[in-house]
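As structure tokens, the structure follows; a few thoughts come after it.
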Amino acid sequence: MLRKTVLADLRKALPERDVPAVEECATRLYESLPYQDDLARNTVMVAYGGGKDSAYAVAFVRAVHLALAERHGDTFRLRVVTMRHGGMPYQVMLNIDRSYQALGLYDDPRVELLLVEGQQVRPFERDRPMPHRLIEFNRTDMLMSGHRSYGDGRATFCNACNLNVASSFGVAARHGDGVDLIITGDSPQEQRDYALWIRKLSREAGVKPADSRKGFKGTLETLNGLAIAYFREIHGADDVDRIQERAVISDVPATLQFFSIYDYTSYASGAHWRLLSDFLHFVFDEVAFNFTESDCANPLIMAHLRGLRTERVYQRSYREGVGQYVDFALGLMRRKNFPEHLVEEMRLRYDTEEGIERTRRTATEYAEDAFGLTTTQLVCMVYSPFAAGATHLHEFLAAEHPDLLMDEDRIRAVLTGSDHRTLVPRLERISGLSVNDLRVLHDGALWSPRTDVSDQARVLQRVMTTDPHQKVITAKRNPAGDEMVDRVAGR
């Protein structure tokens, strides 16, 4: 009875064109299942990151799930998976919970709701505290990547996160008895383009890609090669344990395939606004909704970092830097077909001095609450003072810690291995990193849109230069207004 009620309600809430599309998709999915005579033997996985698009995808897949139950008297086992990370506010967990309730997922024996936290899999629990180890894992990646890129939004947050997301698919797909199909909202062409991009990136980074005939398993293996190369570059080749913790899990069956719902769905969120707001009770929270993301607060900090770099390093205004990020991100929202009222809501959030100050306070508080990072540590990151032989150390000390200028030579000695115990705690407090990590930064490379990069940073360099979520701008690099080529990148 519950399934019939939910299906009837879903049919009313879905966009009109999606109702027959559900039936078409159900037929096609049924034909793709390996155990058509025993539907309950099949397990189909769908990812739910907690944002608006994945909420819609889960609702659509649930309708397919229920349509097959209506036709056949039973249906496949549906595994819904959420990868958790430090940038996911509690408000996202509330949105997920409301969706699960509306879709009747908690009470259906053919549904499995999972949380993936690193390589750990556990049942979904709305009020589960964010694990300290996961926060530290994300925080370290954020700082070590950000210190090589002046706090660039994509490098600081997205590179490691994207690899972790890929790994979560492998972790979730192999969990328990595994899965038979993974549902995606990407078109087959998008999947092929992505596979070709990572293979090309892998070869350019000096990593041999996996055999292309191995399908999804081969994609994961290729991503694992990239992940190992990337994290060696970021964390140093000697930190074997840290690198292995970040490997992309690829031990899934070679026969595992994706099933695309792209051709059946209406992904422009304006088309399914009523489903999101009235049926799933999706809330675009001020912390969780940031530019193109409705499940992640990290873009808020990306804009904040751009503001800090412009204010502190370029000695101009915080608002000028944030404005550069906002211009970029609003354009990205429009390219992703966000409803104009959401674009306008985001524009207004940053439109006044009061709005800028409010979002600055929110970003400051969130960075501290979510990652344990102070403004001092974020400012340190946007200077990147320790990387590449401490190239910008003098500039950083002169501007931010003039009392340490007399110790510059001793600090450089610490970074090359000397033991000045009185300086180490201060450097660790300023940066948020251990002295060992600072030494890894010192011995590694520094990325910049204005300089050549050695092979030390070939993975980071190639990921950043081929990233579609970036904009090359002309920025003023000092109070006098001298211009330079710069980059804004983020979500």
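Letters A, B, ... go to the chains of the structure tokens in the order shown; residues in each chain start at 1; ligands are counted from 1 in the same order.
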
Would you list, as a PDB file with N, CA and C atoms, in the first residue's frame, the residues of region 252-459 of chain A that end up in strand (DSSP E or B) under DSSP run on this structure's backbone?
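So selection-v1.pdb came out as:
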```pdb
ATOM      1  N   GLN A 257      28.232  -1.992 -15.108  1.00  0.00           N
ATOM      2  CA  GLN A 257      27.956  -0.969 -16.102  1.00  0.00           C
ATOM      3  C   GLN A 257      27.142   0.174 -15.499  1.00  0.00           C
ATOM      4  N   PHE A 258      27.131   1.297 -16.223  1.00  0.00           N
ATOM      5  CA  PHE A 258      26.254   2.423 -15.892  1.00  0.00           C
ATOM      6  C   PHE A 258      24.975   2.330 -16.727  1.00  0.00           C
ATOM      7  N   PHE A 259      23.894   2.802 -16.126  1.00  0.00           N
ATOM      8  CA  PHE A 259      22.629   2.951 -16.844  1.00  0.00           C
ATOM      9  C   PHE A 259      22.243   4.415 -16.777  1.00  0.00           C
ATOM     10  N   SER A 260      22.135   5.074 -17.934  1.00  0.00           N
ATOM     11  CA  SER A 260      21.865   6.508 -17.958  1.00  0.00           C
ATOM     12  C   SER A 260      20.368   6.787 -18.029  1.00  0.00           C
ATOM     13  N   ASN A 290      25.282  27.428  -2.356  1.00  0.00           N
ATOM     14  CA  ASN A 290      26.306  28.394  -2.740  1.00  0.00           C
ATOM     15  C   ASN A 290      26.608  28.267  -4.226  1.00  0.00           C
ATOM     16  N   GLU A 293      26.312  24.961  -6.224  1.00  0.00           N
ATOM     17  CA  GLU A 293      26.170  23.831  -5.313  1.00  0.00           C
ATOM     18  C   GLU A 293      25.010  24.064  -4.345  1.00  0.00           C
TER      19      GLU A 293
END
```

Residues of region 156-199 of chain A in alpha helix (DSSP H) according to DSSP, as a PyMOL selection string?
chain A and resi 159-174+188-199

Same residues, C-alpha atoms, output as a PDB file, in the first residue's frame:
```pdb
ATOM      1  CA  ASN A 159      40.748  18.094  -7.055  1.00  0.00           C
ATOM      2  CA  ALA A 160      41.025  15.797  -4.050  1.00  0.00           C
ATOM      3  CA  CYS A 161      37.252  15.751  -3.540  1.00  0.00           C
ATOM      4  CA  ASN A 162      36.607  14.603  -7.122  1.00  0.00           C
ATOM      5  CA  LEU A 163      39.013  11.712  -6.670  1.00  0.00           C
ATOM      6  CA  ASN A 164      37.353  10.853  -3.350  1.00  0.00           C
ATOM      7  CA  VAL A 165      33.928  10.878  -5.034  1.00  0.00           C
ATOM      8  CA  ALA A 166      35.201   8.440  -7.676  1.00  0.00           C
ATOM      9  CA  SER A 167      36.562   6.201  -4.957  1.00  0.00           C
ATOM     10  CA  SER A 168      33.237   6.309  -3.107  1.00  0.00           C
ATOM     11  CA  PHE A 169      31.569   4.770  -6.166  1.00  0.00           C
ATOM     12  CA  GLY A 170      33.955   1.828  -5.965  1.00  0.00           C
ATOM     13  CA  VAL A 171      33.561   1.557  -2.190  1.00  0.00           C
ATOM     14  CA  ALA A 172      29.758   1.602  -2.398  1.00  0.00           C
ATOM     15  CA  ALA A 173      29.547  -0.675  -5.453  1.00  0.00           C
ATOM     16  CA  ARG A 174      31.594  -3.455  -3.861  1.00  0.00           C
ATOM     17  CA  PRO A 188      26.456   8.298 -22.607  1.00  0.00           C
ATOM     18  CA  GLN A 189      28.354  11.010 -24.530  1.00  0.00           C
ATOM     19  CA  GLU A 190      29.264  12.788 -21.274  1.00  0.00           C
ATOM     20  CA  GLN A 191      30.489   9.481 -19.848  1.00  0.00           C
ATOM     21  CA  ARG A 192      32.638   8.844 -22.928  1.00  0.00           C
ATOM     22  CA  ASP A 193      34.014  12.389 -22.880  1.00  0.00           C
ATOM     23  CA  TYR A 194      34.935  12.051 -19.204  1.00  0.00           C
ATOM     24  CA  ALA A 195      36.633   8.687 -19.772  1.00  0.00           C
ATOM     25  CA  LEU A 196      38.634  10.146 -22.681  1.00  0.00           C
ATOM     26  CA  TRP A 197      39.600  13.221 -20.638  1.00  0.00           C
ATOM     27  CA  ILE A 198      40.957  11.235 -17.704  1.00  0.00           C
ATOM     28  CA  ARG A 199      42.842   8.898 -20.047  1.00  0.00           C
TER      29      ARG A 199
END
```

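Every protein, DNA or RNA residue with an atom at most 12 Å from Cys158 (chain A), where only C-alpha atoms count and chain neighbours fewer than 4 positions away do not, is listed here: His85, Gly87, Asn138, Asp141, Met142, Ser145, Gly146, Gly151, Asp152, Gly153, Arg154, Asn162, Leu163, Asn164, Val165, Cys296, Asn298, Pro299, Met302, Leu460, Val463, Met464, Asp467, His469, Ala489, Gly490 and Arg491 of chain A.
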
Go ahead and save the residues from that selection, with C-alpha atoms, as a PDB file, in the first residue's frame.
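Just written: selection34.pdb:
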```pdb
ATOM      1  CA  HIS A  85      32.836  15.129   3.272  1.00  0.00           C
ATOM      2  CA  GLY A  87      32.145  20.640   3.264  1.00  0.00           C
ATOM      3  CA  ASN A 138      39.654  16.664   4.119  1.00  0.00           C
ATOM      4  CA  ASP A 141      44.062  17.734   1.537  1.00  0.00           C
ATOM      5  CA  MET A 142      42.603  21.232   1.445  1.00  0.00           C
ATOM      6  CA  SER A 145      46.582  21.634  -2.209  1.00  0.00           C
ATOM      7  CA  GLY A 146      45.718  25.234  -1.316  1.00  0.00           C
ATOM      8  CA  GLY A 151      44.141  29.138  -2.208  1.00  0.00           C
ATOM      9  CA  ASP A 152      42.727  28.652  -5.707  1.00  0.00           C
ATOM     10  CA  GLY A 153      39.136  27.440  -5.278  1.00  0.00           C
ATOM     11  CA  ARG A 154      39.259  24.370  -7.492  1.00  0.00           C
ATOM     12  CA  ASN A 162      36.607  14.603  -7.122  1.00  0.00           C
ATOM     13  CA  LEU A 163      39.013  11.712  -6.670  1.00  0.00           C
ATOM     14  CA  ASN A 164      37.353  10.853  -3.350  1.00  0.00           C
ATOM     15  CA  VAL A 165      33.928  10.878  -5.034  1.00  0.00           C
ATOM     16  CA  CYS A 296      28.211  22.003  -0.207  1.00  0.00           C
ATOM     17  CA  ASN A 298      32.936  24.980   0.069  1.00  0.00           C
ATOM     18  CA  PRO A 299      32.129  27.531  -2.699  1.00  0.00           C
ATOM     19  CA  MET A 302      36.280  29.698  -2.258  1.00  0.00           C
ATOM     20  CA  LEU A 460      48.314  19.511 -10.516  1.00  0.00           C
ATOM     21  CA  VAL A 463      44.345  19.222 -13.911  1.00  0.00           C
ATOM     22  CA  MET A 464      44.170  22.977 -13.416  1.00  0.00           C
ATOM     23  CA  ASP A 467      39.687  22.443 -15.870  1.00  0.00           C
ATOM     24  CA  HIS A 469      35.429  25.557 -14.328  1.00  0.00           C
ATOM     25  CA  ALA A 489      38.126  28.922 -10.540  1.00  0.00           C
ATOM     26  CA  GLY A 490      35.544  27.217  -8.404  1.00  0.00           C
ATOM     27  CA  ARG A 491      31.982  25.949  -8.281  1.00  0.00           C
TER      28      ARG A 491
END
```

How many Å separate CA of Asn95 (chain A) from CA of Gly178 (chain A)?
26.7 Å

Residues at most 12 Å from Arg458 (chain A), counting only C-alpha atoms, excluding those fewer than 2 positions away in the same chain, as a PyMOL selection string?
chain A and resi 201-207+226+229-234+444-447+452-456+460-465

Write the residues of the selection above to a file with C-alpha atoms, as a short mmCIF file (atom, residue, chain, number, x, y, z; two decimals), in the first residue's frame.
```cif
data_model
loop_
_atom_site.label_atom_id
_atom_site.label_comp_id
_atom_site.auth_asym_id
_atom_site.auth_seq_id
_atom_site.Cartn_x
_atom_site.Cartn_y
_atom_site.Cartn_z
CA LEU A 201 45.19 13.55 -18.49
CA SER A 202 46.69 10.32 -17.21
CA ARG A 203 49.03 9.97 -20.19
CA GLU A 204 50.10 13.63 -19.95
CA ALA A 205 50.85 13.11 -16.27
CA GLY A 206 53.07 10.13 -17.07
CA VAL A 207 50.61 7.51 -15.78
CA LEU A 226 46.02 9.59 -11.29
CA ALA A 229 50.38 10.48 -8.76
CA TYR A 230 48.41 13.52 -7.57
CA PHE A 231 48.67 12.76 -3.87
CA ARG A 232 52.37 11.91 -4.15
CA GLU A 233 52.78 15.37 -5.61
CA ILE A 234 50.65 17.02 -2.92
CA GLY A 444 57.56 20.72 -3.82
CA ALA A 445 56.30 23.00 -6.57
CA LEU A 446 53.98 25.99 -6.65
CA TRP A 447 51.34 26.44 -9.33
CA ASP A 452 55.91 27.81 -15.82
CA VAL A 453 55.73 24.71 -13.68
CA SER A 454 58.29 21.98 -13.46
CA ASP A 455 57.54 18.27 -13.68
CA GLN A 456 57.27 18.33 -9.90
CA LEU A 460 48.31 19.51 -10.52
CA GLN A 461 49.34 21.68 -13.46
CA ARG A 462 47.46 19.60 -16.01
CA VAL A 463 44.35 19.22 -13.91
CA MET A 464 44.17 22.98 -13.42
CA THR A 465 44.95 24.01 -16.97
#
```

Record the distance separating CA of Arg477 (chain A) and CA of Met333 (chain A), expressed in Å with one decimal.
27.2 Å

Skip Arg312 (chain A) itself and residues of its chain fewer than 2 positions away, then list as an NGL selection string all residues within 10 Å of it, counting only C-alpha atoms.
:A and (307-310 or 314-318 or 379-380 or 382-383 or 396 or 399-400 or 478)

With only C-alpha atoms counted and 10 Å as the cut-off, give the residues of region 109-222 of chain A in contact with region 53-73 of chain A, each with its shortest interatomic distance in Å and the pair that gives it, as a Markdown table.
```
| residue | atom | partner | partner_atom | distance |
| --- | --- | --- | --- | --- |
| A:Arg110 | CA | A:His65 | CA | 9.3 |
| A:Val111 | CA | A:Arg62 | CA | 9.6 |
| A:Ile183 | CA | A:Val61 | CA | 8.2 |
| A:Thr184 | CA | A:Ala57 | CA | 8.2 |
| A:Gly185 | CA | A:Ala57 | CA | 6.9 |
```

Within 6 Å of region 31-48 of chain A: each region 52-105 of chain A residue with its shortest pair, only C-alpha atoms, as a Markdown table:
```
| residue | atom | partner | partner_atom | distance |
| --- | --- | --- | --- | --- |
| A:Ser54 | CA | A:Tyr48 | CA | 5.2 |
| A:Thr75 | CA | A:Leu39 | CA | 5.2 |
| A:Phe76 | CA | A:Ala40 | CA | 4.7 |
| A:Arg77 | CA | A:Thr43 | CA | 4.6 |
| A:Leu78 | CA | A:Val44 | CA | 5.1 |
| A:Arg79 | CA | A:Met45 | CA | 4.6 |
| A:Val80 | CA | A:Val46 | CA | 5.1 |
| A:Val81 | CA | A:Ala47 | CA | 4.8 |
| A:Thr82 | CA | A:Tyr48 | CA | 5.0 |
```

Selected residues, C-alpha atoms, written as a PDB file, in the first residue's frame, please.
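New file out.pdb:
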```
ATOM      1  CA  SER A  54      20.705  14.349  -7.281  1.00  0.00           C
ATOM      2  CA  THR A  75      11.198  -4.872  -7.806  1.00  0.00           C
ATOM      3  CA  PHE A  76      14.970  -4.596  -7.663  1.00  0.00           C
ATOM      4  CA  ARG A  77      16.927  -3.711  -4.550  1.00  0.00           C
ATOM      5  CA  LEU A  78      17.673   0.015  -4.628  1.00  0.00           C
ATOM      6  CA  ARG A  79      20.926   1.166  -3.009  1.00  0.00           C
ATOM      7  CA  VAL A  80      21.078   4.938  -2.430  1.00  0.00           C
ATOM      8  CA  VAL A  81      24.535   6.179  -1.478  1.00  0.00           C
ATOM      9  CA  THR A  82      25.700   9.483  -0.018  1.00  0.00           C
TER      10      THR A  82
END
```

Option closest in space to Ala288 (chain A), from A:Ala13, A:Met88, A:Val179, A:Leu103 [counting only C-alpha atoms]
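Among the listed residues, the smallest separation from Ala288 (chain A) belongs to A:Met88.
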
Counting only C-alpha atoms, the option among A:Met93, A:Leu2, A:Leu305, A:Val414 closest to Ala155 (chain A):
A:Leu305

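Using only C-alpha atoms, the contacts of Asp18 (chain A) at a cut-off of 8 Å, with sequence neighbours closer than 2 positions omitted, comprise Leu14, Pro15, Glu16, Pro20, Ala21, Val22, Tyr264, Thr265 and Ser266 of chain A.
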
Excluding region 97-99 of chain A and its own-chain neighbours fewer than 2 positions away, which residues fall within 10 Å of it when counting only C-alpha atoms? Please give them as a tab-separated table (two decimals) with C-alpha atoms, in the first residue's frame.
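Dumped to out_10.tsv:
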```tsv
chain	number	residue	atom	x	y	z
A	50	GLY	CA	22.22	15.91	-1.27
A	55	ALA	CA	17.46	14.81	-5.30
A	56	TYR	CA	15.57	14.90	-8.57
A	58	VAL	CA	16.71	9.83	-6.78
A	59	ALA	CA	13.02	10.77	-7.02
A	91	GLN	CA	21.39	21.14	6.48
A	92	VAL	CA	22.23	18.78	3.59
A	93	MET	CA	21.58	15.77	5.79
A	94	LEU	CA	18.20	17.31	6.63
A	95	ASN	CA	17.36	17.67	2.93
A	101	GLN	CA	10.68	10.37	4.02
A	102	ALA	CA	8.71	11.78	1.09
A	103	LEU	CA	9.78	8.90	-1.15
A	104	GLY	CA	8.93	6.25	1.46
A	105	LEU	CA	12.47	4.87	1.38
A	106	TYR	CA	12.92	4.26	5.10
A	124	PHE	CA	22.42	6.47	6.56
A	125	GLU	CA	21.82	8.33	9.80
A	126	ARG	CA	20.64	11.91	9.62
A	127	ASP	CA	22.09	12.98	12.97
A	276	LEU	CA	11.75	19.68	-5.23
A	279	PHE	CA	7.04	17.10	-2.60
A	280	LEU	CA	10.64	16.53	-1.46
A	281	HIS	CA	10.56	19.67	0.75
A	282	PHE	CA	14.01	20.61	-0.50
A	283	VAL	CA	15.33	23.76	1.21
```

One number please: CA of Val343 (chain A) to CA of Asp327 (chain A), in Å, one decimal.
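The value is 11.1 Å.
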
Which of these, A:Asp241, A:Glu24, A:Glu340, A:Glu320, has the shortest distance to Ala475 (chain A) once you count only C-alpha atoms?
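Among the listed residues, the smallest separation from Ala475 (chain A) belongs to A:Glu320.
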